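Novice: First the structure, then my questions, so here it is.
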Amino acid sequence: VTITVERWHTITHALRLERRLGLSHASAIMVAGWLLCLAMALLPLMGVSSYNKVSMCLPMDIETPLSQAYVILLLLFNVCAFLVICGCYVCIYTAVRNPEFPGRAADTKIAKRMAVLIFTDFLCMAPISFFAISAAFKVPLITVTNSKILLVLFYPINSCANPFLYAIFTRAFRKDACILLSSMGCCESKANLYRMKTYCSENINRSKSSSGSKANSKAPRAVMWTSSFPHLTP
């Protein structure tokens, strides 16, 4: 949630430098977030609910009203956090899609990639949160055996998908992987293609920078020439 809110704040206030977060503000927000999560995680060790109820080491003890209230608030806290993340990325997407917004292509790519991350997070947390909230209200919709299967199958989806979404599916990873495998005799044609594209892009950028510097150096000469012969200028 903290990273998402920071991303939303940075993109939506790109031109307002005075609204950007400083290091002190970011540090204070992160410390507050860690303290809040640490306090919520330590409550079961102090008698509020317990980690010993299920084999997944989750605080699912609802024997006392205080423990039941803690579990319900913990689940609702996760649901609210997910809704905040969704709302922030909807705002980011609408901002970068606005033609008047001085956005960059990188912002649009980030928004699209994070949308995929939110979708996988939803697939992971929605079934667990739904059945866990119903069980916390002592109205279980599935048996304990099915809940364990649900935790084993759906709980790790997000962690398993993150390496693919963050790295493996990116173009930079594919390029580096092909170049690394080419040293072992594999994917040599793709590696040469990536090297050629990198070489061409570097030459294009170098030629653009050199032409820009030449144009800047010729401009003062043209001004001096026209100022020396004012009768020739229209």
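Just so we're on the same page: first chain in the structure tokens is A, next is B, and so on; residues restart at 1 for each chain, and ligands are numbered from 1 in the order they show up.
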Could you build a table of the residues in range 34-108 of chain A lying no more than 8 Å from range 129-136 of chain A, giving for each the nearest pair of atoms and their separation in Å rounded to one decimal place, using only C-alpha atoms, ordered by chain and ascending residue number, as JSON lines?

Specialist:
{"residue": "A:Met60", "atom": "CA", "partner": "A:Ala136", "partner_atom": "CA", "distance": 7.8}
{"residue": "A:Ile62", "atom": "CA", "partner": "A:Ala136", "partner_atom": "CA", "distance": 6.7}
{"residue": "A:Gln68", "atom": "CA", "partner": "A:Ala136", "partner_atom": "CA", "distance": 6.3}
{"residue": "A:Val71", "atom": "CA", "partner": "A:Ala136", "partner_atom": "CA", "distance": 6.7}
{"residue": "A:Ile72", "atom": "CA", "partner": "A:Ala136", "partner_atom": "CA", "distance": 6.2}
{"residue": "A:Leu75", "atom": "CA", "partner": "A:Ser129", "partner_atom": "CA", "distance": 6.4}
{"residue": "A:Val79", "atom": "CA", "partner": "A:Ser129", "partner_atom": "CA", "distance": 7.5}

Novice: Residues at most 8 Å from Arg20 in chain A, counting only C-alpha atoms, excluding those fewer than 5 positions away in the same chain, as a PyMOL selection string?

Specialist: chain A and resi 9-10+13

Novice: Can you tell me, as a PyMOL selection string, what residues are no more than 12 Å from Pro65 in chain A when counting only C-alpha atoms, ignoring any on the same chain fewer than 4 positions away?

Specialist: chain A and resi 48-49+61+69-72+136-138

Novice: Save the residues we just selected, N, CA, C and O atoms, as a compact mmCIF listing (two decimals), in the first residue's frame?

Specialist:
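Okay, this is what ended up in again-v2.txt:
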# COMPACT_ATOMS: atom_id res chain seq x y z
N VAL A 48 -3.97 -12.69 22.23
CA VAL A 48 -5.08 -12.36 21.34
C VAL A 48 -5.01 -13.29 20.14
O VAL A 48 -4.13 -13.15 19.29
N SER A 49 -5.92 -14.25 20.06
CA SER A 49 -5.87 -15.30 19.06
C SER A 49 -4.60 -16.14 19.27
O SER A 49 -3.90 -16.01 20.29
N ASP A 61 -7.48 -18.47 15.57
CA ASP A 61 -8.17 -18.86 16.80
C ASP A 61 -9.25 -17.83 17.10
O ASP A 61 -8.96 -16.64 17.32
N ALA A 69 -12.75 -10.77 17.15
CA ALA A 69 -12.70 -9.40 16.66
C ALA A 69 -11.34 -9.11 16.01
O ALA A 69 -11.26 -8.43 14.97
N TYR A 70 -10.26 -9.65 16.59
CA TYR A 70 -8.93 -9.44 16.01
C TYR A 70 -8.82 -10.07 14.63
O TYR A 70 -8.30 -9.44 13.68
N VAL A 71 -9.30 -11.29 14.47
CA VAL A 71 -9.21 -11.98 13.18
C VAL A 71 -10.05 -11.25 12.13
O VAL A 71 -9.62 -11.05 10.99
N ILE A 72 -11.25 -10.82 12.52
CA ILE A 72 -12.11 -10.11 11.56
C ILE A 72 -11.48 -8.78 11.14
O ILE A 72 -11.44 -8.44 9.95
N ALA A 136 -14.62 -16.65 10.30
CA ALA A 136 -14.43 -15.80 11.48
C ALA A 136 -15.76 -15.43 12.13
O ALA A 136 -15.84 -15.24 13.35
N PHE A 137 -16.81 -15.32 11.32
CA PHE A 137 -18.14 -15.06 11.86
C PHE A 137 -18.84 -16.35 12.29
O PHE A 137 -20.05 -16.35 12.56
N LYS A 138 -18.08 -17.45 12.33
CA LYS A 138 -18.57 -18.76 12.74
C LYS A 138 -19.68 -19.27 11.83
O LYS A 138 -20.63 -19.93 12.27

Novice: CA of Met125 in chain A and CA of Val31 in chain A are how many Å apart?

Specialist: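 We find that CA of Met125 in chain A and CA of Val31 in chain A lie 25.1 Å from each other.
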
Novice: Using only C-alpha atoms, which residues sit within 12 Å of Cys57 in chain A once same-chain residues fewer than 3 positions away are excluded, as a list in words?

Specialist: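 Answer for this query is Ala41, Pro44, Leu45, Ser49, Ser50, Tyr51, Asn52, Lys53, Val54, Met60, Asp61, Lys148 and Leu151 of chain A.
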
Novice: Could you save the residues just selected, with N, CA, C and O atoms, as a PDB file, in the first residue's frame?

Specialist:
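What ended up in selection-v8.pdb:
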ATOM      1  N   ALA A  41       1.123  -8.286  14.139  1.00  0.00           N
ATOM      2  CA  ALA A  41       1.645  -9.657  14.135  1.00  0.00           C
ATOM      3  C   ALA A  41       1.991 -10.152  15.538  1.00  0.00           C
ATOM      4  O   ALA A  41       1.988 -11.362  15.790  1.00  0.00           O
ATOM      5  N   PRO A  44      -1.075 -12.019  18.540  1.00  0.00           N
ATOM      6  CA  PRO A  44      -1.308 -13.430  18.888  1.00  0.00           C
ATOM      7  C   PRO A  44      -0.300 -13.983  19.887  1.00  0.00           C
ATOM      8  O   PRO A  44      -0.611 -14.953  20.599  1.00  0.00           O
ATOM      9  N   LEU A  45       0.892 -13.411  19.965  1.00  0.00           N
ATOM     10  CA  LEU A  45       1.872 -13.870  20.952  1.00  0.00           C
ATOM     11  C   LEU A  45       1.557 -13.350  22.342  1.00  0.00           C
ATOM     12  O   LEU A  45       2.173 -13.780  23.318  1.00  0.00           O
ATOM     13  N   SER A  49      -5.916 -14.248  20.059  1.00  0.00           N
ATOM     14  CA  SER A  49      -5.869 -15.301  19.057  1.00  0.00           C
ATOM     15  C   SER A  49      -4.595 -16.138  19.266  1.00  0.00           C
ATOM     16  O   SER A  49      -3.898 -16.011  20.290  1.00  0.00           O
ATOM     17  N   SER A  50      -4.257 -16.987  18.298  1.00  0.00           N
ATOM     18  CA  SER A  50      -3.093 -17.847  18.447  1.00  0.00           C
ATOM     19  C   SER A  50      -2.638 -18.338  17.080  1.00  0.00           C
ATOM     20  O   SER A  50      -3.442 -18.505  16.163  1.00  0.00           O
ATOM     21  N   TYR A  51      -1.302 -18.551  16.975  1.00  0.00           N
ATOM     22  CA  TYR A  51      -0.733 -19.108  15.745  1.00  0.00           C
ATOM     23  C   TYR A  51      -0.755 -20.636  15.735  1.00  0.00           C
ATOM     24  O   TYR A  51      -0.346 -21.246  14.752  1.00  0.00           O
ATOM     25  N   ASN A  52      -1.182 -21.268  16.830  1.00  0.00           N
ATOM     26  CA  ASN A  52      -1.121 -22.725  16.954  1.00  0.00           C
ATOM     27  C   ASN A  52      -2.400 -23.421  16.515  1.00  0.00           C
ATOM     28  O   ASN A  52      -2.493 -24.640  16.598  1.00  0.00           O
ATOM     29  N   LYS A  53      -3.383 -22.652  16.024  1.00  0.00           N
ATOM     30  CA  LYS A  53      -4.671 -23.256  15.692  1.00  0.00           C
ATOM     31  C   LYS A  53      -4.598 -24.085  14.409  1.00  0.00           C
ATOM     32  O   LYS A  53      -5.161 -25.176  14.324  1.00  0.00           O
ATOM     33  N   VAL A  54      -3.914 -23.575  13.385  1.00  0.00           N
ATOM     34  CA  VAL A  54      -3.798 -24.273  12.103  1.00  0.00           C
ATOM     35  C   VAL A  54      -2.325 -24.492  11.796  1.00  0.00           C
ATOM     36  O   VAL A  54      -1.440 -23.827  12.350  1.00  0.00           O
ATOM     37  N   MET A  60      -5.834 -17.932  13.459  1.00  0.00           N
ATOM     38  CA  MET A  60      -7.218 -18.278  13.147  1.00  0.00           C
ATOM     39  C   MET A  60      -7.963 -18.788  14.380  1.00  0.00           C
ATOM     40  O   MET A  60      -8.988 -19.456  14.256  1.00  0.00           O
ATOM     41  N   ASP A  61      -7.480 -18.474  15.571  1.00  0.00           N
ATOM     42  CA  ASP A  61      -8.173 -18.861  16.796  1.00  0.00           C
ATOM     43  C   ASP A  61      -9.254 -17.829  17.102  1.00  0.00           C
ATOM     44  O   ASP A  61      -8.955 -16.643  17.316  1.00  0.00           O
ATOM     45  N   LYS A 148      -7.690 -26.120   4.050  1.00  0.00           N
ATOM     46  CA  LYS A 148      -6.247 -26.370   3.961  1.00  0.00           C
ATOM     47  C   LYS A 148      -5.813 -26.496   2.503  1.00  0.00           C
ATOM     48  O   LYS A 148      -4.746 -25.987   2.116  1.00  0.00           O
ATOM     49  N   LEU A 151      -5.653 -23.028   1.073  1.00  0.00           N
ATOM     50  CA  LEU A 151      -4.466 -22.293   1.505  1.00  0.00           C
ATOM     51  C   LEU A 151      -3.220 -22.778   0.770  1.00  0.00           C
ATOM     52  O   LEU A 151      -2.369 -21.981   0.373  1.00  0.00           O
TER      53      LEU A 151
END

Novice: Pick out the residues sitting within 12 Å of range 169-171 of chain A, and hand them over as a ChimeraX atom specification; count only C-alpha atoms, and ignore anything fewer than 6 positions along from it in its own chain.

Specialist: /A:109-110,113,116,161-163,177-178,194

Novice: Those residues with N, CA and C atoms, as a tab-separated table (two decimals), in the first residue's frame please?

Specialist:
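Printed below is result.tsv as written:
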chain	number	residue	atom	x	y	z
A	109	LYS	N	3.70	1.82	-18.99
A	109	LYS	CA	4.14	0.44	-18.86
A	109	LYS	C	4.07	-0.02	-17.41
A	110	ILE	N	4.47	0.87	-16.50
A	110	ILE	CA	4.40	0.52	-15.09
A	110	ILE	C	2.96	0.29	-14.66
A	113	ARG	N	1.75	-3.07	-16.03
A	113	ARG	CA	2.36	-4.21	-15.33
A	113	ARG	C	1.80	-4.35	-13.93
A	116	VAL	N	-1.52	-6.13	-13.85
A	116	VAL	CA	-1.39	-7.59	-13.86
A	116	VAL	C	-1.05	-8.11	-12.46
A	161	ALA	N	4.02	-16.08	-8.95
A	161	ALA	CA	3.86	-15.29	-10.17
A	161	ALA	C	4.78	-14.07	-10.21
A	162	ASN	N	5.20	-13.57	-9.06
A	162	ASN	CA	6.00	-12.34	-9.04
A	162	ASN	C	7.31	-12.45	-9.83
A	163	PRO	N	8.10	-13.54	-9.73
A	163	PRO	CA	9.32	-13.60	-10.54
A	163	PRO	C	9.05	-13.50	-12.04
A	177	ALA	N	19.30	-13.16	-20.70
A	177	ALA	CA	19.32	-14.62	-20.66
A	177	ALA	C	19.86	-15.20	-21.97
A	178	CYS	N	19.47	-14.63	-23.10
A	178	CYS	CA	19.97	-15.13	-24.39
A	178	CYS	C	21.47	-14.88	-24.53
A	194	TYR	N	19.92	-9.49	-30.53
A	194	TYR	CA	19.86	-8.51	-29.45
A	194	TYR	C	21.08	-7.60	-29.46

Novice: Between A:Phe164, A:Met46, A:Ile128, A:Ile118, which residue has the minimum interatomic distance to Ile149 in chain A, considering only C-alpha atoms?

Specialist: A:Ile128
